[in-house]
$ cat start-v1.txt   # compact mmCIF, C-alpha atoms
# COMPACT_ATOMS: atom_id res chain seq x y z
CA MET A 1 -4.95 -3.55 -21.39
CA ASP A 2 -7.46 -2.52 -18.75
CA SER A 3 -7.46 -5.05 -15.98
CA LEU A 4 -9.32 -2.99 -13.36
CA ARG A 5 -12.42 -4.89 -12.29
CA LEU A 6 -14.28 -2.90 -9.70
CA ASP A 7 -16.52 -5.80 -8.72
CA LYS A 8 -13.44 -7.79 -7.80
CA LEU A 9 -11.84 -4.78 -6.11
CA PHE A 10 -14.94 -4.50 -3.93
CA HIS A 11 -14.56 -8.11 -2.93
CA VAL A 12 -10.82 -7.91 -2.38
CA LEU A 13 -10.95 -4.75 -0.27
CA VAL A 14 -14.37 -4.45 1.37
CA VAL A 15 -15.41 -8.07 1.81
CA LEU A 16 -12.01 -9.55 2.54
CA GLY A 17 -11.14 -6.51 4.61
CA ALA A 18 -14.13 -7.18 6.85
CA ALA A 19 -13.18 -10.84 7.00
CA SER A 20 -9.71 -9.91 8.19
CA CYS A 21 -10.95 -8.50 11.51
CA GLY A 22 -8.80 -9.74 14.34
CA GLU A 23 -6.23 -11.49 12.17
CA ASP A 24 -2.59 -10.75 12.75
CA ASP A 25 -0.30 -9.52 10.03
CA SER A 26 1.18 -12.89 9.13
CA SER A 27 -2.14 -14.51 8.44
CA ARG A 28 -3.65 -11.67 6.49
CA ARG A 29 -1.09 -10.40 3.98
CA ASP A 30 -1.73 -11.76 0.52
CA GLN A 31 0.72 -14.62 0.41
CA GLN A 32 -2.41 -16.70 -0.18
CA PRO A 33 -4.77 -14.10 -1.58
CA ASP A 34 -8.49 -14.02 -2.16
CA ALA A 35 -10.70 -16.28 -0.13
CA PRO A 36 -13.31 -18.12 -2.15
CA VAL A 37 -16.55 -16.24 -2.61
CA SER A 38 -20.00 -17.46 -1.71
CA SER A 39 -22.99 -16.64 -3.91
CA ASP A 40 -23.83 -13.51 -1.91
CA GLY A 41 -20.37 -12.10 -2.36
CA ASP A 42 -19.18 -12.61 1.20
CA ALA A 43 -15.85 -14.26 1.81
CA THR A 44 -15.95 -17.76 3.12
CA THR A 45 -13.26 -19.40 5.16
CA GLY A 46 -10.48 -21.31 3.54
CA ASP A 47 -7.50 -20.46 1.43
CA ALA A 48 -7.11 -19.51 -2.17
CA THR A 49 -6.48 -23.03 -3.34
CA THR A 50 -10.14 -24.01 -2.99
CA THR A 51 -12.88 -23.10 -5.45
CA SER A 52 -12.70 -19.52 -6.65
CA PRO A 53 -15.16 -17.59 -8.81
CA ASP A 54 -12.66 -17.21 -11.62
CA GLY A 55 -10.85 -20.50 -11.87
CA ALA A 56 -11.08 -24.24 -11.50
CA GLU A 57 -11.38 -25.90 -8.15
CA GLY A 58 -7.97 -26.20 -6.55
CA ALA A 59 -6.54 -23.44 -8.77
CA PRO A 60 -3.58 -21.58 -7.30
CA CYS A 61 -3.93 -17.83 -7.18
CA PHE A 62 -1.46 -15.24 -8.37
CA CYS A 63 -1.68 -11.54 -7.58
CA ASP A 64 0.37 -10.44 -10.55
CA SER A 65 -1.65 -10.38 -13.72
CA GLN A 66 1.52 -11.15 -15.64
CA ALA A 67 1.70 -14.55 -14.02
CA CYS A 68 -1.97 -15.47 -14.39
CA CYS A 69 -2.39 -14.38 -18.01
CA ASP A 70 -1.13 -16.00 -21.20
CA ARG A 71 -0.26 -12.93 -23.20
CA SER A 72 0.97 -14.83 -26.22
CA GLN A 73 -2.64 -14.97 -27.30
CA SER A 74 -4.81 -12.08 -28.45
CA PRO A 75 -6.77 -11.24 -26.43
CA PRO A 76 -4.81 -12.55 -23.40
CA VAL A 77 -6.44 -15.48 -21.63
CA MET A 78 -6.12 -16.80 -18.14
CA GLN A 79 -3.49 -19.52 -17.74
CA ALA A 80 -5.08 -22.94 -17.38
CA GLY A 81 -5.46 -23.81 -13.73
CA PHE A 82 -4.79 -20.30 -12.40
CA THR A 83 -6.90 -17.43 -11.10
CA CYS A 84 -6.15 -13.74 -11.12
CA CYS A 85 -6.43 -11.75 -7.94
CA TRP A 86 -6.78 -8.18 -6.73
CA SER A 87 -9.48 -7.25 -9.19
CA THR A 88 -7.21 -7.99 -12.15
CA ALA A 89 -8.35 -9.83 -15.24
CA CYS A 90 -6.83 -10.90 -18.47
CA ASP A 91 -9.41 -9.30 -20.72
CA MET B 1 18.35 1.38 -14.02
CA VAL B 2 18.22 5.00 -15.17
CA LEU B 3 16.32 6.80 -17.86
CA ASP B 4 17.98 6.57 -21.24
CA ALA B 5 19.97 9.68 -22.15
CA SER B 6 17.79 10.12 -25.22
CA VAL B 7 14.69 10.84 -23.13
CA PRO B 8 13.95 14.57 -23.53
CA ALA B 9 14.46 16.83 -20.55
CA PRO B 10 10.78 17.86 -20.28
CA VAL B 11 9.82 14.20 -19.97
CA ARG B 12 12.45 13.62 -17.30
CA ASP B 13 11.24 16.66 -15.40
CA THR B 14 7.61 15.54 -15.53
CA VAL B 15 8.35 11.98 -14.48
CA ALA B 16 10.60 13.14 -11.65
CA ALA B 17 7.99 15.65 -10.45
CA MET B 18 5.31 12.96 -10.38
CA TRP B 19 7.34 10.56 -8.30
CA ARG B 20 8.56 13.31 -5.98
CA TYR B 21 4.91 14.19 -5.43
CA ARG B 22 4.14 10.57 -4.65
CA GLU B 23 7.16 10.42 -2.33
CA ARG B 24 5.58 13.18 -0.22
CA VAL B 25 2.20 11.43 -0.26
CA GLU B 26 3.85 8.28 1.08
CA HIS B 27 5.55 10.15 3.92
CA GLU B 28 2.26 11.83 4.80
CA ALA B 29 0.51 8.46 4.78
CA ALA B 30 3.17 7.05 7.10
CA ALA B 31 2.47 9.80 9.61
CA LEU B 32 -1.28 9.26 9.34
CA PHE B 33 -1.00 5.51 9.89
CA SER B 34 1.34 6.06 12.84
CA ALA B 35 -1.20 8.39 14.45
CA LEU B 36 -4.01 5.96 13.63
CA ALA B 37 -2.09 3.16 15.35
CA VAL B 38 -1.95 5.19 18.56
CA ASP B 39 -5.69 5.88 18.46
CA LEU B 40 -6.48 2.26 17.65
CA ASP B 41 -4.50 1.12 20.67
CA THR B 42 -6.31 3.67 22.86
CA ALA B 43 -9.66 2.56 21.46
CA GLY B 44 -8.93 -1.10 22.28
CA HIS B 45 -8.04 -2.52 18.87
CA PRO B 46 -4.50 -3.90 19.34
CA ALA B 47 -4.50 -6.12 16.25
CA LEU B 48 -5.59 -3.27 14.02
CA ALA B 49 -3.09 -0.99 15.74
CA HIS B 50 -0.32 -3.42 14.86
CA ARG B 51 -1.46 -3.49 11.24
CA ALA B 52 -1.47 0.30 11.15
CA ARG B 53 2.09 0.44 12.49
CA VAL B 54 3.19 -2.02 9.80
CA ALA B 55 1.38 0.10 7.23
CA ALA B 56 3.34 3.15 8.38
CA GLU B 57 6.57 1.23 7.81
CA ASP B 58 5.33 0.19 4.38
CA GLU B 59 4.67 3.81 3.44
CA ARG B 60 8.17 4.87 4.41
CA ARG B 61 9.57 2.09 2.24
CA HIS B 62 7.32 3.22 -0.60
CA ALA B 63 8.73 6.72 -0.27
CA ASP B 64 12.20 5.27 -0.76
CA ARG B 65 10.98 3.56 -3.93
CA CYS B 66 9.63 6.83 -5.23
CA ARG B 67 12.89 8.63 -4.47
CA ALA B 68 14.77 5.95 -6.42
CA ILE B 69 12.68 6.77 -9.50
CA VAL B 70 13.36 10.48 -9.09
CA ASP B 71 17.06 9.67 -8.92
CA ALA B 72 16.76 7.43 -11.98
CA CYS B 73 15.48 10.44 -13.92
CA GLY B 74 18.74 12.23 -13.27
CA VAL B 75 16.86 15.33 -12.10
CA ASP B 76 17.89 17.24 -8.99
CA LEU B 77 14.62 17.51 -7.08
CA PRO B 78 14.95 17.51 -3.29
CA PRO B 79 12.10 15.93 -1.33
CA LEU B 80 9.00 18.01 -0.67
CA THR B 81 8.16 18.79 2.95
CA PRO B 82 5.32 16.53 4.09
CA ARG B 83 2.14 18.32 5.07
CA VAL B 84 0.55 17.72 8.44
CA PHE B 85 -3.08 16.64 8.54
CA ASP B 86 -5.27 16.53 11.61
CA LEU B 87 -8.13 14.12 11.04
CA GLY B 88 -11.24 13.55 13.04
CA PRO B 89 -14.52 15.10 14.07
CA VAL B 90 -14.28 18.17 16.22
CA ALA B 91 -17.09 17.24 18.58
CA ASP B 92 -17.51 14.29 20.92
CA ALA B 93 -20.30 11.71 20.90
CA ALA B 94 -22.64 14.15 22.67
CA GLY B 95 -21.97 16.81 20.10
CA ARG B 96 -19.80 18.89 22.40
CA ALA B 97 -16.84 20.67 20.94
CA GLY B 98 -13.42 19.77 22.25
CA ALA B 99 -11.16 16.76 22.25
CA PRO B 100 -12.83 14.06 20.12
CA ASP B 101 -13.56 10.64 21.54
CA PRO B 102 -10.52 8.42 20.69
CA GLY B 103 -12.74 5.67 19.35
CA ARG B 104 -14.59 8.03 17.04
CA ARG B 105 -11.38 9.75 16.00
CA ALA B 106 -9.80 6.40 15.15
CA LEU B 107 -12.82 5.28 13.14
CA TYR B 108 -13.00 8.60 11.32
CA ALA B 109 -9.33 8.31 10.41
CA SER B 110 -9.71 4.69 9.30
CA VAL B 111 -12.54 5.56 6.96
CA ALA B 112 -10.83 8.68 5.62
CA ILE B 113 -7.36 7.23 5.19
CA ALA B 114 -8.04 3.59 4.40
CA CYS B 115 -11.59 3.08 3.18
CA ILE B 116 -11.51 6.13 0.94
CA THR B 117 -7.99 7.29 0.11
CA GLU B 118 -6.27 3.91 0.01
CA THR B 119 -9.15 2.37 -1.95
CA LEU B 120 -8.83 5.10 -4.57
CA SER B 121 -5.08 4.57 -4.55
CA CYS B 122 -5.50 0.85 -5.23
CA ALA B 123 -7.66 1.48 -8.27
CA LEU B 124 -5.27 4.07 -9.69
CA LEU B 125 -2.27 1.83 -9.06
CA ILE B 126 -3.88 -1.07 -10.91
CA ALA B 127 -4.37 1.23 -13.90
CA MET B 128 -0.81 2.48 -13.60
CA ARG B 129 0.52 -1.06 -13.52
CA ASP B 130 -1.34 -1.89 -16.73
CA ALA B 131 0.47 0.87 -18.56
CA ALA B 132 3.88 1.04 -16.88
CA THR B 133 6.82 -0.04 -19.01
CA PHE B 134 9.77 1.77 -17.41
CA GLY B 135 11.44 -0.80 -15.16
CA PRO B 136 11.77 1.18 -11.92
CA THR B 137 8.18 2.42 -12.29
CA ARG B 138 6.77 -1.05 -12.78
CA ALA B 139 8.79 -2.44 -9.87
CA ALA B 140 7.65 0.37 -7.59
CA VAL B 141 4.00 0.01 -8.54
CA ASP B 142 4.12 -3.78 -8.10
CA GLU B 143 5.53 -3.37 -4.61
CA ILE B 144 3.26 -0.52 -3.57
CA ILE B 145 0.02 -2.08 -4.71
CA LYS B 146 0.60 -5.26 -2.70
CA ASP B 147 0.75 -3.13 0.44
CA GLU B 148 -2.02 -0.70 -0.51
CA ILE B 149 -4.45 -3.61 -0.70
CA GLU B 150 -3.73 -4.35 2.97
CA HIS B 151 -3.83 -0.67 3.92
CA SER B 152 -7.31 -0.32 2.49
CA ARG B 153 -8.41 -3.52 4.24
CA ILE B 154 -7.37 -2.07 7.59
CA GLY B 155 -10.08 0.55 7.21
CA TRP B 156 -12.76 -1.87 6.06
CA ALA B 157 -11.85 -4.25 8.88
CA HIS B 158 -12.06 -1.49 11.47
CA LEU B 159 -15.33 -0.20 10.06
CA ALA B 160 -16.88 -3.68 10.00
CA THR B 161 -15.79 -4.30 13.58
CA CYS B 162 -17.33 -1.07 14.83
CA ALA B 163 -20.48 -1.40 12.70
CA ALA B 164 -21.12 -4.83 14.20
CA ARG B 165 -21.11 -3.33 17.70
CA ALA B 166 -22.72 0.07 17.32
CA ASP B 167 -24.40 2.54 15.01
CA VAL B 168 -21.74 4.18 12.85
CA SER B 169 -24.14 6.16 10.70
CA TRP B 170 -22.78 9.38 12.26
CA LEU B 171 -19.91 9.02 9.78
CA ALA B 172 -22.26 9.77 6.88
CA ALA B 173 -22.19 13.47 7.70
CA HIS B 174 -18.41 13.52 7.33
CA VAL B 175 -17.97 11.48 4.14
CA ALA B 176 -18.30 14.46 1.81
CA ALA B 177 -15.44 16.19 3.60
CA MET B 178 -13.35 13.01 3.47
CA ARG B 179 -13.98 12.68 -0.25
CA ALA B 180 -13.12 16.34 -0.85
CA ALA B 181 -9.87 15.99 1.09
CA ALA B 182 -8.86 12.85 -0.82
CA LEU B 183 -9.66 14.41 -4.18
CA THR B 184 -7.85 17.63 -3.31
CA HIS B 185 -4.71 16.33 -1.68
CA ASP B 186 -4.19 12.90 -3.21
CA VAL B 187 -5.87 13.06 -6.62
CA GLY B 188 -6.31 16.69 -7.67
CA GLU B 189 -2.64 17.45 -7.15
CA LEU B 190 -1.48 14.25 -8.85
CA PRO B 191 0.62 15.15 -11.90
CA THR B 192 -0.93 13.84 -15.10
CA ALA B 193 0.03 13.66 -18.77
CA ASP B 194 -1.53 12.25 -21.90
CA ASP B 195 1.53 10.40 -23.17
CA LEU B 196 3.62 9.26 -20.19
CA ALA B 197 1.69 6.21 -19.01
CA GLY B 198 4.81 4.10 -19.41
CA TYR B 199 6.34 6.04 -16.55
CA GLY B 200 3.30 5.71 -14.30
CA ILE B 201 1.63 9.00 -15.21
CA LEU B 202 -1.97 8.64 -16.28
CA PRO B 203 -4.00 11.10 -18.35
CA ARG B 204 -6.24 13.37 -16.27
CA SER B 205 -9.34 12.03 -18.01
CA ARG B 206 -8.39 8.47 -17.05
CA VAL B 207 -7.77 9.46 -13.45
CA THR B 208 -11.17 11.15 -13.27
CA THR B 209 -12.93 8.13 -14.75
CA ILE B 210 -11.25 5.71 -12.36
CA VAL B 211 -11.92 7.86 -9.31
CA ASP B 212 -15.59 8.36 -10.17
CA ALA B 213 -16.15 4.67 -10.90
CA THR B 214 -14.30 3.50 -7.79
CA TRP B 215 -16.30 5.89 -5.64
CA ARG B 216 -19.57 4.71 -7.16
CA ASP B 217 -18.88 0.97 -7.34
CA VAL B 218 -16.59 0.27 -4.39
CA ILE B 219 -16.56 2.98 -1.74
CA VAL B 220 -20.24 3.96 -1.62
CA PRO B 221 -21.48 0.35 -1.57
CA GLY B 222 -18.77 -0.52 0.95
CA LEU B 223 -19.91 2.22 3.29
CA ALA B 224 -23.55 1.23 2.81
CA ARG B 225 -22.67 -2.35 3.64
CA ASN B 226 -21.63 -1.04 7.05
CA GLY B 227 -24.65 1.15 7.65
CA ILE B 228 -23.33 4.43 6.27
CA HIS B 229 -25.80 5.67 3.70
CA LEU B 230 -25.03 8.80 1.76
CA ALA B 231 -27.71 11.27 0.72
CA GLY B 232 -28.43 11.70 -2.97

$ encode --input "start-v1.txt" --output "structure tokens"
Amino acid sequence: MDSLRLDKLFHVLVVLGAASCGEDDSSRRDQQPDAPVSSDGDATTGDATTTSPDGAEGAPCFCDSQACCDRSQSPPVMQAGFTCCWSTACD
Amino acid sequence: MVLDASVPAPVRDTVAAMWRYRERVEHEAAALFSALAVDLDTAGHPALAHRARVAAEDERRHADRCRAIVDACGVDLPPLTPRVFDLGPVADAAGRAGAPDPGRRALYASVAIACITETLSCALLIAMRDAATFGPTRAAVDEIIKDEIEHSRIGWAHLATCAARADVSWLAAHVAAMRAAALTHDVGELPTADDLAGYGILPRSRVTTIVDATWRDVIVPGLARNGIHLAG
């Protein structure tokens, strides 16, 4: 399975990296990963439990594709109510 | 967990060599982040300096993870001696040779280490995680990638901070050298194999594809976003 999504990796690293200017370590490490994304691709404020581009509003976010994907199905599909982070995907 | 006794010796040797190589890369990265932290403090970026010091600690822990995989292979391979890298432009802001401006040296290092090398590392680690089945390998990759995401972000954060305050286009002239160094030291020397993906060793063709695509779709646009436009 190839889960590398470079468009998401760009957002996770470049956009969220820029948004992390001035934050200390405790607020920036991905305990709550991936800020929601505005239409122009820039990170908005807020945590990962608000609307995300990949999941339903209020969806929790997991950074391990194993947790966000239902692999009992072929092809694997995203678990209902979850988003995948760090440029991963279930397809 | 150790490799099953039925695993052939050539496979053990290859897997152990790969993770010993990565062990050295992690120690080298620790030294680079430690040096970057000093320059970031000197350049007036205490928050970023703190993040760089934490990153150095992460890299040392990653090296321990890599050594554990070497040990799990049951192969006697002592650690490789880390190489010493001196990063940074050799001229100051006025183009005079000599000790580089600390701010410029820090930014150069951030782009080279974090924006380029760590970004490439993230992409390769995601691909490795997809394929890894050997327990210690999967555990190591899971741990390392969580930290590498932050390590790459340090560079993009630093670059965005500096780009918001001043013209950083001078970096464009140095990007080719940064790319060459990353591809030579961190990618070109990476052990590869066509049939050992379960142990975290990707085929060379896959590595090349990932590196080229990440450069084209993440790094180049990321640099351009901050005013660094590459020729061609």

$ closest_atom_pairs --input "start-v1.txt" --of "chain A" --to "chain B" --cutoff "6 Å" --atoms "all atoms listed in the file" --output "tab-separated table"
residue	atom	partner	partner_atom	distance
A:Phe10	CA	B:Val218	CA	5.1
A:Leu13	CA	B:Arg153	CA	5.3
A:Val14	CA	B:Trp156	CA	5.6
A:Gly17	CA	B:Arg153	CA	4.1
A:Ala18	CA	B:Ala157	CA	4.2
A:Cys21	CA	B:Ala157	CA	5.1
A:Gly22	CA	B:Ala47	CA	5.9

$ atom_distance --input "start-v1.txt" --atom1 "atom CA of B:Asp195" --atom2 "atom CA of B:Glu26"
24.5 Å

$ atom_distance --input "start-v1.txt" --atom1 "atom CA of B:Asp212" --atom2 "atom CA of B:Trp170"
23.6 Å

$ atom_distance --input "start-v1.txt" --atom1 "atom CA of B:Gly44" --atom2 "atom CA of B:Ala29"
22.1 Å

$ axis_aligned_box --input "start-v1.txt" --around "stretch 138-147 of chain B" --padding-each-side "5 Å" --output "lines of an AutoDock Vina configuration file"
center_x = 4.4
center_y = -2.4
center_z = -6.2
size_x = 18.8
size_y = 15.6
size_z = 23.2

$ closest_residue --input "start-v1.txt" --among "B:Phe134, B:Trp19, B:Tyr199, B:Phe33" --to "B:Cys66" --atoms "all atoms listed in the file"
B:Trp19
